[in-house]
Amino acid sequence: MALDKETVAHIATLARIRVAEAELELLANELSHILSWVEQLNEVDTTGVAPMASAAAASLPMRDDAVNDGGCREAILGNAPRVARGFFTVPKVVE
């Protein structure tokens, strides 16, 4: 499908893109080449080919959704500057 300068100017107007008059011929050629590639893709027989969302077929690993404390309370509290009765001790911020 070949595009002319007037069609490219109309497309630019619809897309709200300002295109200089000198660039219209170049854009017409480039868009015509892109459309010819799309036409070639339409000629490919894709019957029996399942659509895909990615080129790599992968499934995400799943785990059981279980609530736990992580099992490392002492290691976490070891990083705190102050600990009281198994909890972080922080300065009072509300008066």
# chains A, B, ... in the order shown; residues from 1 in each chain; ligands from 1
$ select_by_dssp --residues "segment 20-93 of chain A" --states "strand (DSSP E)" --output "list of chain:residue names"
A:Val83, A:Ala84, A:Phe87, A:Phe88
$ write_last_selection --atoms "N, CA and C atoms" --output "short mmCIF file (atom, residue, chain, number, x, y, z; two decimals), in the first residue's frame"
data_model
loop_
_atom_site.label_atom_id
_atom_site.label_comp_id
_atom_site.auth_asym_id
_atom_site.auth_seq_id
_atom_site.Cartn_x
_atom_site.Cartn_y
_atom_site.Cartn_z
N VAL A 83 16.05 -3.48 72.75
CA VAL A 83 15.00 -4.49 72.75
C VAL A 83 14.44 -4.58 74.17
N ALA A 84 13.12 -4.71 74.27
CA ALA A 84 12.48 -4.91 75.56
C ALA A 84 11.42 -5.99 75.43
N PHE A 87 10.61 -7.26 71.86
CA PHE A 87 10.12 -6.30 70.88
C PHE A 87 11.15 -5.20 70.67
N PHE A 88 11.05 -4.49 69.54
CA PHE A 88 11.87 -3.31 69.31
C PHE A 88 11.45 -2.23 70.30
#
$ residues_around --residues "segment 27-43 of chain A" --least-positions-apart "5" --cutoff "8 Å" --atoms "only C-alpha atoms" --output "list in words"
Met1, Ala2, Leu3, Asp4, Lys5 and Val8 of chain A
$ write_last_selection --atoms "C-alpha atoms" --output "short mmCIF file (atom, residue, chain, number, x, y, z; two decimals), in the first residue's frame"
data_model
loop_
_atom_site.label_atom_id
_atom_site.label_comp_id
_atom_site.auth_asym_id
_atom_site.auth_seq_id
_atom_site.Cartn_x
_atom_site.Cartn_y
_atom_site.Cartn_z
CA MET A 1 0.00 0.00 0.00
CA ALA A 2 1.61 3.24 -1.13
CA LEU A 3 0.93 6.44 0.74
CA ASP A 4 1.19 9.89 -0.78
CA LYS A 5 2.16 13.18 0.86
CA VAL A 8 0.67 11.42 5.45
#
$ select_by_dssp --residues "chain A" --states "helix (DSSP H, G or I)" --output "PyMOL selection string"
chain A and resi 5-14+21-42+73-77
$ atom_distance --atom1 "atom CA of Val94 of chain A" --atom2 "atom CA of Ile76 of chain A"
25.4 Å
$ atom_distance --atom1 "atom CA of Arg73 of chain A" --atom2 "atom CA of Arg85 of chain A"
12.1 Å
$ decode --residues "segment 32-51 of chain A" --atoms "C-alpha atoms" --output "PDB file, in the first residue's frame"
ATOM      1  CA  SER A  32       4.677   2.680   2.788  1.00  0.00           C
ATOM      2  CA  HIS A  33       7.545   0.285   3.539  1.00  0.00           C
ATOM      3  CA  ILE A  34       6.127  -0.464   6.990  1.00  0.00           C
ATOM      4  CA  LEU A  35       2.695  -1.178   5.537  1.00  0.00           C
ATOM      5  CA  SER A  36       4.214  -3.485   2.916  1.00  0.00           C
ATOM      6  CA  TRP A  37       5.876  -5.483   5.727  1.00  0.00           C
ATOM      7  CA  VAL A  38       2.521  -5.761   7.491  1.00  0.00           C
ATOM      8  CA  GLU A  39       0.930  -6.980   4.263  1.00  0.00           C
ATOM      9  CA  GLN A  40       3.625  -9.665   4.019  1.00  0.00           C
ATOM     10  CA  LEU A  41       2.854 -10.767   7.583  1.00  0.00           C
ATOM     11  CA  ASN A  42      -0.823 -11.092   6.688  1.00  0.00           C
ATOM     12  CA  GLU A  43       0.126 -13.635   4.007  1.00  0.00           C
ATOM     13  CA  VAL A  44       1.605 -16.044   6.578  1.00  0.00           C
ATOM     14  CA  ASP A  45      -0.622 -19.034   7.321  1.00  0.00           C
ATOM     15  CA  THR A  46      -1.189 -19.094  11.093  1.00  0.00           C
ATOM     16  CA  THR A  47      -3.977 -21.658  11.275  1.00  0.00           C
ATOM     17  CA  GLY A  48      -3.444 -23.988  14.190  1.00  0.00           C
ATOM     18  CA  VAL A  49      -0.970 -21.662  15.902  1.00  0.00           C
ATOM     19  CA  ALA A  50      -2.008 -20.749  19.402  1.00  0.00           C
ATOM     20  CA  PRO A  51      -1.682 -17.102  20.392  1.00  0.00           C
TER      21      PRO A  51
END
